[in-house]
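Read through the structure below, which is laid out as structure tokens, and then see the notes.
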Amino acid sequence: MSNILVNLSIIFSKPTGISNYATNLFPYLKALNPTLLTAQNYSEFNCYPVPDNLTPDQGTKGHLNRLIWTQFQLPQIYKKLKSQLLFSPLPEAPLFSNCRFVVMVHDFIPLRFPKRFSPLLPYHRYYIPQVVAQAQHVICNSQATANDIIKFCQIPASKITPIPLAHDGNHFRPLFGG
């Protein structure tokens, strides 16, 4: 098993944007020989099984299950596998633990345009800022998101690396020219 864990608890059969992002990382992860935390089995990787009720297709219950699993089970897995780093393709990681982690932040739309009674507002207002504050490093998909992390979370720019997303050439092609 590798010293690097990749939290893929969000991947499911009807992928969302974040799970598509995570799935498209696979070819680039191979060289790191990570252990994938996933409910699915990927024969070309070391996999560690996680519950299958942590995904977005479970709605709010899946989201809550994943947050609870992340806080209480993930630190135990990290320790059991003698991991040195966790990568999470979304801004979720064990807080106040001995886990070292890098997270990906996709946007801060719920904070930029808050909906008064949104159940996810506390998640974005309190949990995500705590995650990025405790992260070893934060990756985001644009300079605008980096600026939002600095603004909403008071995180220094030196701790943030914007890496713009790219298209998947197997699924998207120009409609005209070239």
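Residue numbering restarts at 1 in every chain; chains get A, B, ... in the order shown in the structure tokens, and ligands count up from 1 in that same order.
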
What's the 12 Å shell around Pro129 of chain A, counting only C-alpha atoms, without same-chain residues fewer than 6 positions away, as a count of residues only?
-> 21

Backbone DSSP call of alpha helix (DSSP H) for chain A, listed as a PyMOL selection string | chain A and resi 17-24+26-29+59-72+74-80+109-112+121-122+128-134+143-153

Near segment 45-55 of chain A, within 12 Å and counting only C-alpha atoms, which residues show up once chain neighbours fewer than 2 positions away are dropped, as a PyMOL selection string?
-> chain A and resi 1-16+18-19+26-43+57-70+73-74+77-78+80-81

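Among A:Pro94, A:Pro89, A:Glu44, A:Pro114, the residue with the shortest atom-to-atom distance to Asn24 of chain A, counting only C-alpha atoms, is A:Pro89.
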
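Note that atom CA of Arg100 of chain A and atom CA of Leu85 of chain A are 5.1 Å apart.
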
List every residue of segment 47-176 of chain A that DSSP, applied to the backbone, labels as strand (DSSP E), and write the result as an MDAnalysis selection string.
-> chainID A and resid 47:49 85:88 101:105 137:140 160:162

Atoms to include: N, CA and C atoms. Write the selected residues as a compact mmCIF listing (two decimals), in the first residue's frame.
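Result saved to out.txt:
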```txt
# COMPACT_ATOMS: atom_id res chain seq x y z
N CYS A 47 -6.83 -0.36 -3.71
CA CYS A 47 -8.08 0.23 -3.25
C CYS A 47 -8.36 -0.19 -1.82
N TYR A 48 -8.92 0.72 -1.06
CA TYR A 48 -9.37 0.43 0.29
C TYR A 48 -10.86 0.71 0.30
N PRO A 49 -11.67 -0.28 0.68
CA PRO A 49 -13.12 -0.11 0.58
C PRO A 49 -13.69 0.88 1.58
N LEU A 85 0.03 11.28 3.56
CA LEU A 85 -0.70 12.39 2.94
C LEU A 85 -2.03 11.88 2.38
N LEU A 86 -3.04 12.69 2.54
CA LEU A 86 -4.36 12.43 1.97
C LEU A 86 -4.64 13.51 0.94
N PHE A 87 -5.10 13.11 -0.24
CA PHE A 87 -5.59 14.08 -1.21
C PHE A 87 -7.09 13.90 -1.32
N SER A 88 -7.80 15.00 -1.21
CA SER A 88 -9.25 14.99 -1.36
C SER A 88 -9.63 15.90 -2.52
N PHE A 101 -3.09 16.66 4.81
CA PHE A 101 -3.91 16.58 3.62
C PHE A 101 -3.79 17.79 2.72
N VAL A 102 -4.10 17.53 1.44
CA VAL A 102 -4.22 18.54 0.40
C VAL A 102 -5.64 18.40 -0.14
N VAL A 103 -6.31 19.53 -0.33
CA VAL A 103 -7.69 19.49 -0.83
C VAL A 103 -7.83 20.33 -2.09
N MET A 104 -8.86 20.02 -2.84
CA MET A 104 -9.23 20.78 -4.04
C MET A 104 -10.50 21.56 -3.72
N VAL A 105 -10.49 22.85 -3.99
CA VAL A 105 -11.69 23.69 -3.82
C VAL A 105 -12.15 24.09 -5.21
N HIS A 137 -1.85 22.15 1.88
CA HIS A 137 -1.91 22.98 0.69
C HIS A 137 -3.32 22.89 0.11
N VAL A 138 -3.70 23.91 -0.63
CA VAL A 138 -5.02 23.96 -1.25
C VAL A 138 -4.85 24.16 -2.75
N ILE A 139 -5.52 23.31 -3.50
CA ILE A 139 -5.55 23.44 -4.96
C ILE A 139 -6.94 23.97 -5.31
N CYS A 140 -7.01 24.82 -6.30
CA CYS A 140 -8.32 25.30 -6.75
C CYS A 140 -8.30 25.39 -8.27
N ILE A 160 -1.97 28.38 -1.66
CA ILE A 160 -2.99 28.06 -2.67
C ILE A 160 -2.34 27.98 -4.05
N THR A 161 -2.71 26.95 -4.81
CA THR A 161 -2.24 26.83 -6.19
C THR A 161 -3.44 26.67 -7.11
N PRO A 162 -3.73 27.68 -7.95
CA PRO A 162 -4.79 27.52 -8.95
C PRO A 162 -4.29 26.63 -10.10
```

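The space between atom CA of Gln143 of chain A and atom CA of Ile109 of chain A spans 14.1 Å.
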
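With only C-alpha atoms as the atoms that count, the minimum distance from Ser97 of chain A to the choices A:Gln134, A:Lys82, A:Phe117, A:Pro110 is reached by A:Gln134.
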
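Using only C-alpha atoms, the nearest neighbour of Cys99 of chain A within the list A:Ile163, A:Leu120, A:Gln71, A:Arg112 is A:Gln71.
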
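Note that the spacing between atom CA of Ser158 of chain A and atom CA of Gln136 of chain A amounts to 11.0 Å.
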